[in-house]
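Below is one structure, written out as structure tokens; comments come after it.
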Amino acid sequence: MKKIGIVYNQKPLSISYAQQLKAKLPLYGLTEISVGETPDYVISVGGDGTLLSAFHQFQSSIDQIQFIGIHTGHLGFYTDWLGSQIDQVLQGILENEADSVSYPLLSVDISLANGQKHHILALNECSVRSHRKTMVCDVEIKGQFFETFRGDGLCIATPTGSTGLNKSLGGAVMHPRIEAFQMTEMASVNNRVYRSLASPIILPADEWLILKPDPSNEWIDITTDHLFWADQTIESIRLELAKERIHFASFKHMHYWNRVESSFIANLKNDSNYK
Ligand code: NAP
């Protein structure tokens, strides 16, 4: 019997759909997971933010799970289904087990000055920022010094995260099938004395980045997706594409560029009411 995890936000509509899902699972021969169990499928009900929470909740067994996103606001980048399509979602799980797509994740290895080490996966991005003073940070690419960045911070995004914070920073929107990751700058200082590239860069799957903040930067904030660690003293952060990938059930096909268009442009020419 397939095991289902259900993650939802606290909007009344999301709670209502989650309750309907729970009630319908047995009708389809499916069962909700108990605490500590690994699900075969995780259904998130809410927005992209809810799917990010679900991803982090099940990160340790990510390769065994397929995700399905039901949206209760606007169409998202990780959420394809409407609440009115719960029966189609559950029927799809029974009939289309093999239909899945997988996308790259970012591996983040943080070494703190106190000797602690942390490893985490990011679905959208990792950002490294200083709010108290200019962040000064050496950037190495594949073991070679590249630049000393000075500014507010750096954002390192996955292809699926490229439409999130990365896009607001002027990064390129990347098709999620591209095996690469992207670094964008936040408000870099560029003048005759200090210089960084001042453009987003896209790195291939066999390269890695190491960020080494200057030891004078004692209060660095790190985010991975919606998670936040304030005022860290960092020795280095290594970023690269992860061995693990996120898997989505793909029995509803959605053209990626249609999703980008409807999220960011909403061109009237594509609206059936537009004459
Ligand atoms: P949040 O309030 O949960 O999310 C901020 C907005 O970003 C929401 O509208 C969310 O969509 C959307 N979003 C999340 N992932 C996305 C993606 N891959 N592509 C396009 N839009 C996406 O904010 P948070 O908890 O601080 O951070 C969660 C994520 O939001 C971050 O990983 C970051 O990528 C994004 N974010 C973007 C900006 C920005 O663009 N300036 C600022 C902060 C955060 P839903 O409404 O569907 O949840």
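Just so we're on the same page: first chain in the structure tokens is A, next is B, and so on; residues restart at 1 for each chain, and ligands are numbered from 1 in the order they show up.
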Practice item. Write out as number ranges by chain each polymer residue (protein, DNA or RNA) that has an atom no more than 9 Å from ligand 1, with only C-alpha atoms and all ligand atoms counted. Key: A: 46-53, 71-79, 122-127, 157-169, 223-228, 260, 263
Check your understanding: How would you write, as a PyMOL selection string, the set of residues in stretch 26-251 of chain A that DSSP gives as alpha helix (DSSP H)?
Key -> chain A and resi 48-57+86-95+165-168
Selection file, N, CA and C atoms, as a short mmCIF file (atom, residue, chain, number, x, y, z; two decimals), in the first residue's frame:
```cif
data_model
loop_
_atom_site.label_atom_id
_atom_site.label_comp_id
_atom_site.auth_asym_id
_atom_site.auth_seq_id
_atom_site.Cartn_x
_atom_site.Cartn_y
_atom_site.Cartn_z
N ASP A 48 4.27 27.62 -3.27
CA ASP A 48 5.64 27.13 -3.42
C ASP A 48 6.33 27.08 -2.06
N GLY A 49 6.01 28.05 -1.20
CA GLY A 49 6.61 28.08 0.14
C GLY A 49 6.26 26.82 0.93
N THR A 50 5.05 26.31 0.76
CA THR A 50 4.63 25.09 1.47
C THR A 50 5.42 23.89 0.94
N LEU A 51 5.64 23.87 -0.38
CA LEU A 51 6.42 22.76 -0.93
C LEU A 51 7.87 22.82 -0.44
N LEU A 52 8.40 24.05 -0.28
CA LEU A 52 9.76 24.17 0.27
C LEU A 52 9.82 23.57 1.68
N SER A 53 8.79 23.85 2.49
CA SER A 53 8.75 23.28 3.86
C SER A 53 8.69 21.76 3.79
N ALA A 54 7.86 21.24 2.88
CA ALA A 54 7.73 19.78 2.75
C ALA A 54 9.06 19.15 2.34
N PHE A 55 9.75 19.81 1.42
CA PHE A 55 11.07 19.31 0.97
C PHE A 55 12.02 19.22 2.16
N HIS A 56 12.07 20.26 2.98
CA HIS A 56 13.01 20.24 4.11
C HIS A 56 12.60 19.22 5.17
N GLN A 57 11.29 19.02 5.32
CA GLN A 57 10.81 18.03 6.30
C GLN A 57 11.25 16.62 5.93
N ILE A 86 -8.44 16.76 -6.54
CA ILE A 86 -7.90 15.78 -5.57
C ILE A 86 -8.10 14.35 -6.09
N ASP A 87 -9.27 14.05 -6.66
CA ASP A 87 -9.51 12.68 -7.15
C ASP A 87 -8.54 12.33 -8.28
N GLN A 88 -8.29 13.28 -9.17
CA GLN A 88 -7.33 13.03 -10.27
C GLN A 88 -5.93 12.78 -9.71
N VAL A 89 -5.57 13.52 -8.68
CA VAL A 89 -4.23 13.34 -8.07
C VAL A 89 -4.12 11.91 -7.51
N LEU A 90 -5.14 11.49 -6.76
CA LEU A 90 -5.06 10.17 -6.10
C LEU A 90 -5.13 9.05 -7.13
N GLN A 91 -5.98 9.22 -8.16
CA GLN A 91 -6.05 8.23 -9.23
C GLN A 91 -4.71 8.17 -9.97
N GLY A 92 -4.10 9.34 -10.17
CA GLY A 92 -2.80 9.41 -10.85
C GLY A 92 -1.73 8.65 -10.09
N ILE A 93 -1.76 8.71 -8.77
CA ILE A 93 -0.78 7.98 -7.96
C ILE A 93 -0.92 6.47 -8.22
N LEU A 94 -2.16 6.01 -8.33
CA LEU A 94 -2.39 4.57 -8.54
C LEU A 94 -1.95 4.13 -9.93
N GLU A 95 -2.14 4.99 -10.91
CA GLU A 95 -1.96 4.56 -12.31
C GLU A 95 -0.62 4.93 -12.91
N LEU A 165 14.37 34.19 -5.59
CA LEU A 165 15.23 35.32 -5.24
C LEU A 165 16.23 35.62 -6.36
N ASN A 166 16.76 34.57 -6.98
CA ASN A 166 17.73 34.73 -8.08
C ASN A 166 17.22 35.69 -9.15
N LYS A 167 15.95 35.51 -9.54
CA LYS A 167 15.39 36.35 -10.62
C LYS A 167 15.29 37.80 -10.16
N SER A 168 14.89 38.01 -8.90
CA SER A 168 14.79 39.39 -8.39
C SER A 168 16.15 40.07 -8.37
#
```
Exercise for review: Quick one: everything within 7 Å of A:Ser236, counting only C-alpha atoms, minus sequence neighbours fewer than 4 positions away in the same chain. Send it as a ChimeraX atom specification.
Suggested key: /A:110-111,210-213
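Coordinates place atom CA of A:Val101 at a distance of 8.3 Å from atom CA of A:Ile246.
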Practice item. Work out how far atom CA of A:Ala266 is from atom CA of A:Met254, in Å to one decimal. Key: 15.7 Å
Point to revise | Shortest interatomic distance to A:Asp40 - which of A:Ala172, A:Trp208, A:Arg150, A:Phe248, counting only C-alpha atoms | key: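 Of A:Ala172, A:Trp208, A:Arg150, A:Phe248, the one nearest A:Asp40 is A:Phe248, counting only C-alpha atoms.
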Check your understanding: Between A:Asp206, A:Glu32, A:Asp231, A:Glu185, which one has atoms that come closest to A:Glu218, using only C-alpha atoms?
Key -> A:Asp231
Review point. Stretch 190-197 of chain A: which residues within 9 Å, counting only C-alpha atoms, same-chain residues fewer than 2 positions away excluded, as a list in words?
Key: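 Listing them by chain and then by number gives Phe146, Glu147, Thr148, Phe149, Arg150, Gly151, Glu185, Ser188, Ser199, Pro200 and Ile201 of chain A.
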Selection file, C-alpha atoms, as a tab-separated table (two decimals), in the first residue's frame:
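Result file is out-v8.tsv:
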```tsv
chain	number	residue	atom	x	y	z
A	146	PHE	CA	38.16	33.94	-8.71
A	147	GLU	CA	37.40	37.26	-7.00
A	148	THR	CA	36.98	39.13	-3.76
A	149	PHE	CA	33.32	40.15	-3.53
A	150	ARG	CA	32.34	43.26	-1.59
A	151	GLY	CA	28.68	44.14	-1.17
A	185	GLU	CA	25.48	39.34	-6.53
A	188	SER	CA	28.28	44.74	-5.15
A	199	SER	CA	27.21	39.65	-13.54
A	200	PRO	CA	25.42	36.42	-12.70
A	201	ILE	CA	27.51	33.34	-13.46
```
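Atom pair atom CA of A:Leu121 / atom CA of A:Leu106: separated by 5.5 Å.
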Review point. Which residues come within 7 Å of A:Val7, counting only C-alpha atoms, excluding same-chain residues fewer than 5 positions away, as a PyMOL selection string?
Key: chain A and resi 43-45+54
Expected file: the selected residues, N, CA and C atoms, as an mmCIF file, in the first residue's frame:
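In the end it all went to result-v7.cif:
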```
data_model
loop_
_atom_site.group_PDB
_atom_site.id
_atom_site.type_symbol
_atom_site.label_atom_id
_atom_site.label_comp_id
_atom_site.auth_asym_id
_atom_site.auth_seq_id
_atom_site.Cartn_x
_atom_site.Cartn_y
_atom_site.Cartn_z
ATOM 1 N N ILE A 43 2.244 15.059 -0.658
ATOM 2 C CA ILE A 43 1.349 16.026 -1.307
ATOM 3 C C ILE A 43 1.399 17.306 -0.479
ATOM 4 N N SER A 44 1.838 18.407 -1.097
ATOM 5 C CA SER A 44 1.832 19.673 -0.359
ATOM 6 C C SER A 44 0.632 20.482 -0.827
ATOM 7 N N VAL A 45 -0.019 21.134 0.129
ATOM 8 C CA VAL A 45 -1.218 21.918 -0.174
ATOM 9 C C VAL A 45 -0.958 23.353 0.293
ATOM 10 N N ALA A 54 7.862 21.236 2.876
ATOM 11 C CA ALA A 54 7.727 19.777 2.748
ATOM 12 C C ALA A 54 9.061 19.153 2.343
#
```
May I have the residues within 8 Å of A:Ala230 as a CSV table (one decimal) with N, CA, C and O atoms, in the first residue's frame, using only C-alpha atoms and disregarding those fewer than 5 positions away in the same chain?
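The resulting result_38.csv:
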```csv
chain,number,residue,atom,x,y,z
A,219,TRP,N,29.3,38.7,11.4
A,219,TRP,CA,27.8,38.6,11.5
A,219,TRP,C,27.2,38.3,10.1
A,219,TRP,O,26.6,39.2,9.5
A,220,ILE,N,27.4,37.1,9.7
A,220,ILE,CA,26.9,36.8,8.3
A,220,ILE,C,25.5,36.0,8.5
A,220,ILE,O,25.4,35.1,9.4
A,221,ASP,N,24.6,36.4,7.7
A,221,ASP,CA,23.3,35.7,7.7
A,221,ASP,C,23.3,34.7,6.6
A,221,ASP,O,23.7,35.0,5.5
A,222,ILE,N,22.8,33.5,6.9
A,222,ILE,CA,22.7,32.4,5.8
A,222,ILE,C,21.3,32.0,5.7
A,222,ILE,O,20.6,31.8,6.7
```
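Minimum distance to A:Met1 across A:Thr31, A:Ser60, A:Asn217, A:Ser130 (counting only C-alpha atoms) occurs at A:Thr31.
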Check your understanding: Using only C-alpha atoms, which of the listed residues (A:Gln144, A:Gln116, A:Thr134, A:Gln20) sits closest to A:Ile234?
Key ->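 Going through A:Gln144, A:Gln116, A:Thr134, A:Gln20 one by one, the smallest distance to A:Ile234 is for A:Gln116.
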Point to revise | Residues of stretch 99-270 of chain A in strand (DSSP E), written as a ChimeraX atom specification | key: /A:100-112,117-122,125-129,135-141,144-157,180-188,201-204,209-213,220-224,227-232,234-249
Point to revise | Shortest interatomic distance to A:Glu179 - which of A:Asn9, A:Gln64, A:Ser102, A:Gln85, counting only C-alpha atoms | key: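 Result for the nearest residue to A:Glu179: A:Ser102.
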